[in-house]
Amino acid sequence: MSELIEKLEFFLADRGIYMLTLILFAVAVYGMIACGNYMKKLMCMNMMQVSIIFFFLTFGQKNGGTLPVAIDEVLSAEAYINPLPHALMLTAIVVSLGTTGVGLALLMRIKDIYGTIEEDRITGDGGKKQ
Amino acid sequence: MKENKSRKKLAAGLIIVIIAVGTAAVKIGAFLPTIGDADTPANSYVANYYITNAVKETHSYNIVTAVLADYRGFDTLFETCVLFLSALVTMMVLFGKEKVPKMPVKNLAEDKYSAAFGGDIMDASFRIVVPIILIYGIYVLFHGEISLGGGFQAGALIACAYLLDRIIPSIRMGRGKIKEETALIIASMGAFFYVITGILPMFNGGNFLEFAKLPFGSSLAAESIVKLHTAGILMIEVGVTVCVMGVIIAILEVVLERTDFDE
Amino acid sequence: MPILLLEGLLLIAMIAIAAAIILGKKLLAATVIYCGFSLIAMLLYTVVGAADVAFTEAVIGTISTVYFIIAIKSIKGKRADDERK
């Protein structure tokens, strides 16, 4: 049992986590294309964002490293995990909130003009405006 | 229906191609590093310099804040501007839509909407939670250099407190709300304060956003120069907080004013 | 439990939640599940070691969910809780 866990862990460290992240990204892309409702497309866009941010953050992990906050004195550079991806992804998350706001405003205008937010009804019968 | 099925087949085919190509590339190619390794190219060059020299040069114990606000302060300035731009675009898109007038009520007992929305429990409990969230937000702002925190989290927390106060008492009680134009002006003031922090060292002989030459006090001893870095980081964080708070409140008000809660 | 196993488990949970959002029928239920997705993402960021990012994701995920719910009410009107899709 314990050697099974070791094999699994080695597989995950080598390639497994990247494959799982890629599968989550692919599921979210499928949702963006195949969902008929525009709200769900927006939610799938945010899920794509989460998978990309996690992929970025895995590059900073170190075996035996701790949080990048120096308590009393700075230990050697190997004892802290890499702080550079954290700083870049922090702003990315807040900007995604702004993108969601713009998307929802556009949805409200689409509802005014077309009367529905289902993609089949908008593009199916020629997109009749109201 | 026909279009929906063909679109689903196209999407499924695309996904299988992505997974197959990606899995093959990940398994065959050796260009992705092992997770947890300390010798990868991402962990070697600049990051080691930041870790070993952040506390000495910037007097900030949180290395992520030191990277975000001091070493890479120029990037954070433009991220703040992008946030403000998104709030502006939201207002512009919804500008032509009519606002839904909400008739004011005198107190919460008369409003049928508030009675259905949770009633007395929500009304009594949000009054305890809102000041705690506000104090926590300001605490996180000022402790961004010592422990985890910073400007973005603090701005979002303060906007969260406003959101609770806006939604839970009746939507129709028009007291104490911030108009959308005012919120946008507040956001622009935050970004402007950030730019002023960048321009101030230029009057003293330094570059843009060079905190060692801020014109506060005399810069004789070496300790004072490090404390000037602290002052610069604090001013930047206050600017970012005010901007994020303004953006979240502006987007909320723009959408909330044009929603009909009565039918 | 070793950290990489925990990451793998949380990623599998996230894939399951993503499938539930895509295949669901009601829109309001999908929004509530989206809030759960944000929570699992925050746990994942904490396990990797990025505590600042997890803090930000917790607050921003809540506000984003509230935006979605207000937009659903604005678009659907009266029948927001019992209309399909």
# chains A, B, ... in the order shown; residues from 1 in each chain; ligands from 1
>>> closest_atom_pairs(of="chain B", to="chain C", cutoff="7 Å", atoms="only C-alpha atoms", output="CSV")
residue,atom,partner,partner_atom,distance
B:Leu148,CA,C:Asp52,CA,6.0
B:Gly149,CA,C:Asp52,CA,6.4
B:Gln153,CA,C:Thr56,CA,5.5
B:Ala156,CA,C:Val59,CA,6.5
B:Leu157,CA,C:Val59,CA,6.9
B:Thr259,CA,C:Ser74,CA,4.9
B:Asp260,CA,C:Ser74,CA,6.6
B:Glu263,CA,C:Lys78,CA,5.5
>>> write_last_selection(atoms="N, CA, C and O atoms", output="CSV table (one decimal), in the first residue's frame")
chain,number,residue,atom,x,y,z
B,148,LEU,N,0.8,38.6,5.8
B,148,LEU,CA,0.1,38.4,4.5
B,148,LEU,C,-1.0,39.5,4.4
B,148,LEU,O,-1.5,39.9,5.4
B,149,GLY,N,-1.2,40.0,3.2
B,149,GLY,CA,-2.1,41.1,3.1
B,149,GLY,C,-1.8,41.9,1.9
B,149,GLY,O,-1.2,41.5,0.9
B,153,GLN,N,-6.5,42.9,-1.3
B,153,GLN,CA,-7.4,42.3,-0.4
B,153,GLN,C,-8.1,43.3,0.4
B,153,GLN,O,-9.3,43.1,0.7
B,156,ALA,N,-11.0,45.0,-1.5
B,156,ALA,CA,-12.1,44.1,-1.7
B,156,ALA,C,-12.9,43.9,-0.4
B,156,ALA,O,-14.1,43.8,-0.5
B,157,LEU,N,-12.2,43.8,0.7
B,157,LEU,CA,-12.9,43.6,2.0
B,157,LEU,C,-13.8,44.8,2.3
B,157,LEU,O,-14.9,44.7,2.8
B,259,THR,N,-31.9,47.1,-12.0
B,259,THR,CA,-32.6,45.8,-11.8
B,259,THR,C,-33.9,46.1,-11.1
B,259,THR,O,-34.0,46.9,-10.2
B,260,ASP,N,-34.9,45.3,-11.5
B,260,ASP,CA,-36.2,45.5,-10.9
B,260,ASP,C,-36.5,44.4,-9.9
B,260,ASP,O,-36.5,43.2,-10.3
B,263,GLU,N,-41.1,42.8,-9.2
B,263,GLU,CA,-42.1,41.9,-9.8
B,263,GLU,C,-41.9,40.5,-9.3
B,263,GLU,O,-40.9,40.1,-8.8
>>> interface_residues(of="chain B", to="chain A", cutoff="6 Å", atoms="only C-alpha atoms", output="list in words")
Lys8, Ala11, Ile15, Thr34, Ile35, Gly36, Asp37, Ala38, Asn48, Tyr61, Asn62, Ile63, Val64, Leu68, Ser86 and Thr90 of chain B
>>> write_last_selection(atoms="all heavy atoms", output="short mmCIF file (atom, residue, chain, number, x, y, z; two decimals), in the first residue's frame")
data_model
loop_
_atom_site.label_atom_id
_atom_site.label_comp_id
_atom_site.auth_asym_id
_atom_site.auth_seq_id
_atom_site.Cartn_x
_atom_site.Cartn_y
_atom_site.Cartn_z
N LYS B 8 -21.85 20.79 -30.68
CA LYS B 8 -21.35 19.95 -29.60
C LYS B 8 -20.36 18.94 -30.14
O LYS B 8 -19.38 18.61 -29.49
CB LYS B 8 -22.51 19.23 -28.92
CG LYS B 8 -23.21 20.09 -27.93
CD LYS B 8 -24.13 19.25 -27.06
CE LYS B 8 -24.81 20.19 -26.09
NZ LYS B 8 -25.83 19.58 -25.32
N ALA B 11 -17.12 20.70 -30.65
CA ALA B 11 -16.45 20.97 -29.38
C ALA B 11 -15.83 19.71 -28.82
O ALA B 11 -14.70 19.73 -28.32
CB ALA B 11 -17.44 21.56 -28.39
N ILE B 15 -11.83 19.04 -28.06
CA ILE B 15 -11.34 18.72 -26.72
C ILE B 15 -10.49 17.46 -26.75
O ILE B 15 -9.45 17.38 -26.11
CB ILE B 15 -12.52 18.56 -25.76
CG1 ILE B 15 -13.22 19.89 -25.61
CG2 ILE B 15 -12.07 18.05 -24.43
CD1 ILE B 15 -12.29 21.00 -25.38
N THR B 34 10.19 19.00 -13.00
CA THR B 34 9.59 18.21 -11.94
C THR B 34 9.08 19.14 -10.86
O THR B 34 9.75 20.10 -10.49
CB THR B 34 10.61 17.24 -11.34
OG1 THR B 34 11.23 16.58 -12.42
CG2 THR B 34 9.95 16.25 -10.44
N ILE B 35 7.91 18.86 -10.33
CA ILE B 35 7.34 19.74 -9.31
C ILE B 35 8.11 19.56 -8.02
O ILE B 35 8.32 18.45 -7.56
CB ILE B 35 5.86 19.41 -9.11
CG1 ILE B 35 5.13 19.68 -10.40
CG2 ILE B 35 5.27 20.24 -8.01
CD1 ILE B 35 3.67 19.38 -10.30
N GLY B 36 8.54 20.64 -7.42
CA GLY B 36 9.25 20.56 -6.15
C GLY B 36 10.75 20.68 -6.30
O GLY B 36 11.45 20.78 -5.30
N ASP B 37 11.23 20.71 -7.51
CA ASP B 37 12.66 20.83 -7.72
C ASP B 37 13.10 22.26 -7.46
O ASP B 37 12.40 23.20 -7.82
CB ASP B 37 12.96 20.44 -9.17
CG ASP B 37 14.39 20.02 -9.34
OD1 ASP B 37 15.08 19.88 -8.34
OD2 ASP B 37 14.79 19.86 -10.51
N ALA B 38 14.25 22.43 -6.86
CA ALA B 38 14.71 23.78 -6.55
C ALA B 38 15.70 24.31 -7.56
O ALA B 38 16.18 25.42 -7.42
CB ALA B 38 15.34 23.83 -5.15
N ASN B 48 15.94 34.35 -6.65
CA ASN B 48 16.87 34.22 -5.52
C ASN B 48 17.35 35.58 -5.05
O ASN B 48 17.51 35.82 -3.85
CB ASN B 48 18.07 33.37 -5.93
CG ASN B 48 17.72 31.91 -5.93
OD1 ASN B 48 16.73 31.52 -5.33
ND2 ASN B 48 18.51 31.11 -6.60
N TYR B 61 8.81 42.63 5.44
CA TYR B 61 9.04 41.23 5.73
C TYR B 61 8.24 40.31 4.83
O TYR B 61 8.54 39.14 4.73
CB TYR B 61 8.71 40.94 7.19
CG TYR B 61 9.73 41.53 8.11
CD1 TYR B 61 9.55 42.79 8.64
CD2 TYR B 61 10.88 40.85 8.41
CE1 TYR B 61 10.50 43.35 9.47
CE2 TYR B 61 11.83 41.39 9.24
CZ TYR B 61 11.65 42.63 9.76
OH TYR B 61 12.57 43.18 10.57
N ASN B 62 7.22 40.85 4.18
CA ASN B 62 6.43 40.05 3.26
C ASN B 62 7.06 40.20 1.89
O ASN B 62 7.04 41.28 1.30
CB ASN B 62 5.00 40.55 3.26
CG ASN B 62 4.10 39.66 2.46
OD1 ASN B 62 4.50 38.64 1.97
ND2 ASN B 62 2.85 40.08 2.32
N ILE B 63 7.68 39.11 1.41
CA ILE B 63 8.46 39.25 0.18
C ILE B 63 7.55 39.46 -1.03
O ILE B 63 7.93 40.14 -1.99
CB ILE B 63 9.36 38.00 0.00
CG1 ILE B 63 10.18 37.80 1.26
CG2 ILE B 63 10.29 38.17 -1.17
CD1 ILE B 63 11.10 36.64 1.19
N VAL B 64 6.33 38.93 -0.97
CA VAL B 64 5.41 39.11 -2.09
C VAL B 64 5.02 40.58 -2.23
O VAL B 64 4.97 41.13 -3.34
CB VAL B 64 4.16 38.23 -1.92
CG1 VAL B 64 3.17 38.48 -3.01
CG2 VAL B 64 4.56 36.78 -1.92
N LEU B 68 5.76 43.05 -5.34
CA LEU B 68 4.62 43.65 -6.03
C LEU B 68 4.68 45.16 -6.01
O LEU B 68 4.31 45.82 -6.97
CB LEU B 68 3.35 43.17 -5.35
CG LEU B 68 2.03 43.42 -6.00
CD1 LEU B 68 1.91 42.53 -7.18
CD2 LEU B 68 0.94 43.11 -5.04
N SER B 86 -12.02 49.02 -16.61
CA SER B 86 -13.13 48.08 -16.70
C SER B 86 -14.39 48.65 -16.06
O SER B 86 -15.49 48.47 -16.57
CB SER B 86 -12.74 46.75 -16.05
OG SER B 86 -12.84 46.83 -14.67
N THR B 90 -17.91 49.38 -18.10
CA THR B 90 -19.20 48.87 -17.63
C THR B 90 -20.23 49.99 -17.56
O THR B 90 -21.39 49.83 -17.97
CB THR B 90 -19.03 48.23 -16.25
OG1 THR B 90 -18.09 47.19 -16.33
CG2 THR B 90 -20.34 47.66 -15.77
#
>>> atom_distance(atom1="CA of Arg7 (chain B)", atom2="CA of Cys44 (chain A)")
16.6 Å
>>> atom_distance(atom1="CA of Leu28 (chain C)", atom2="CA of Ile69 (chain C)")
7.5 Å
>>> select_by_dssp(residues="chain A", states="strand (DSSP E or B)", output="ChimeraX atom specification")
/A:37,62,66,69,80,118
